[in-house]
Amino acid sequence: MEDEHRNLVLCQLVAEAINQSEGTDFRAAKSEPGPADALLVSESGKHGTRGAQVVSTPGDFTIRYDSGNIKKFERNLRLALKHLGVSQCGVTVNWSESARRYSSKGRHIERLAEVIASEIPINGYRCLRGVDLYDYSQELSEIVNYVSMFRLESMGLAVHSSMTWWAPHDGQWIEEALAKKVGKYGDRIEREMILVIDGLAHLDIEQISAFRASYDLERISYAEVWTVTMGKPYRLKPAS
């Protein structure tokens with residue numbers, strides 16, 4: 001029921017945006033079980049009803065900090081760094097979603113410790129993103145989004161996990177969300193169907209602009225594609 005309510009809220013925002021730009025009078029309404037997650041219904045009956053499907057961006061940012069995998073990563077990384085003689089250092093790791101969900105082999109954590117030990121600055125702060133870690137190991141770039149390290153005044157060693165995330169600068173998340181629905185429905189997508197991508201607070205203007213500039217909109221079977229992010233709707237593919 002919670003998803004159904006959110007679908008209606010998102011589609012209502014899109015309906016209001018369409019009304020404002022096209023002079024229509026749509027409102028979001030519940031749909032019978034089927035391909036459409038909601039319906040855009042004309043209050044006056046002057047405009048044909050439009051079906052709408054809703055899909056979220058692919059990232060799942062709700063994995064709990066105290067999950068067993070994260071605690072295990074921290075413990076094993078701390079032990080591996082101590083074994084390498086690392087001290088006077090604070091380390092913060094943002095683990096990938098797949099690593100948090102499915103864990104990772106111990107040798108990957110040991111390899112990460114080796115990279116950290118070789119990259120710790122003499123003083124100050126250093127950060128390595130997944131693309132930087134790829135130069136060391138593709139496997140590392142798959143389990144770590146970024147790792148930061150900084151010198152401590154004390155002789156201690158602190159290892160923590162960050163639950164923040166790095167948003168891509170391109171339209172990757174939008175493309176993955178689109179592919180999720182196209183992969184499910186394919187040729188069964190109705191010609192007048194609207195796709196609404198739930199961007200939560202994960203999509204920004206940079207990603208939206210990158211998608212518009214690089215993606216071939218003619219490949220999209222949906223009549224229109226919208227995204228709603230931070231409570232505001234953006235049209236990605238206009239009606240032809």
# chains A, B, ... in the order shown; residues from 1 in each chain; ligands from 1
>>> select_by_dssp(residues="region 17-219 of chain A", states="alpha helix (DSSP H)", output="number ranges by chain")
A: 17-22, 68-83, 97-102, 106-119, 130-134, 138-143, 172-185, 205-214
>>> residues_around(residues="region 185-191 of chain A", least_positions_apart="2", cutoff="7 Å", atoms="only C-alpha atoms", output="PyMOL selection string")
chain A and resi 181-183+193+221-223
>>> write_last_selection(atoms="C-alpha atoms", output="PDB file, in the first residue's frame")
ATOM      1  CA  LYS A 181      10.951  -1.509 -17.156  1.00  0.00           C
ATOM      2  CA  VAL A 182      11.820  -2.091 -20.810  1.00  0.00           C
ATOM      3  CA  GLY A 183      13.407  -5.405 -19.865  1.00  0.00           C
ATOM      4  CA  MET A 193       2.057   4.728 -21.671  1.00  0.00           C
ATOM      5  CA  SER A 221       8.933   2.923 -26.488  1.00  0.00           C
ATOM      6  CA  TYR A 222       7.115   5.043 -23.912  1.00  0.00           C
ATOM      7  CA  ALA A 223       5.076   8.007 -25.119  1.00  0.00           C
TER       8      ALA A 223
END
>>> closest_residue(among="A:Asn69, A:Ile208, A:Leu77, A:Leu178", to="Val147 (chain A)", atoms="only C-alpha atoms")
A:Leu77
>>> closest_residue(among="A:Ile143, A:Val131, A:Ile70, A:Leu112", to="His160 (chain A)", atoms="only C-alpha atoms")
A:Ile70
>>> residues_around(residues="Ala113 (chain A)", least_positions_apart="6", cutoff="9 Å", atoms="only C-alpha atoms", output="PyMOL selection string")
chain A and resi 77-78+80-81+84
>>> atom_distance(atom1="CA of His169 (chain A)", atom2="CA of Glu206 (chain A)")
6.4 Å
>>> closest_residue(among="A:Tyr125, A:Gln53, A:Gln172, A:Ile109", to="Ser137 (chain A)", atoms="only C-alpha atoms")
A:Ile109
>>> residues_around(residues="region 10-15 of chain A", least_positions_apart="6", cutoff="12 Å", atoms="only C-alpha atoms", output="number ranges by chain")
A: 3-4, 21-31, 36-43, 49-56, 194-200, 224-236
>>> residues_around(residues="Tyr215 (chain A)", least_positions_apart="5", cutoff="9 Å", atoms="only C-alpha atoms", output="VMD selection string")
chain A and resid 171 175 210
>>> closest_residue(among="A:Leu157, A:Val93, A:Ala99, A:Leu133", to="Val115 (chain A)", atoms="only C-alpha atoms")
A:Leu133
>>> closest_residue(among="A:Asn123, A:Ser214, A:Asn7, A:Ser98", to="Asn145 (chain A)", atoms="only C-alpha atoms")
A:Ser98
>>> residues_around(residues="Pro121 (chain A)", least_positions_apart="6", cutoff="9 Å", atoms="only C-alpha atoms", output="count of residues only")
3
>>> select_by_dssp(residues="region 7-145 of chain A", states="strand (DSSP E or B)", output="PyMOL selection string")
chain A and resi 26-29+38-42+50-56+89-95+125-129+144-145
>>> closest_residue(among="A:Glu119, A:Ile18, A:His47, A:Gly90", to="Ala239 (chain A)", atoms="only C-alpha atoms")
A:Ile18
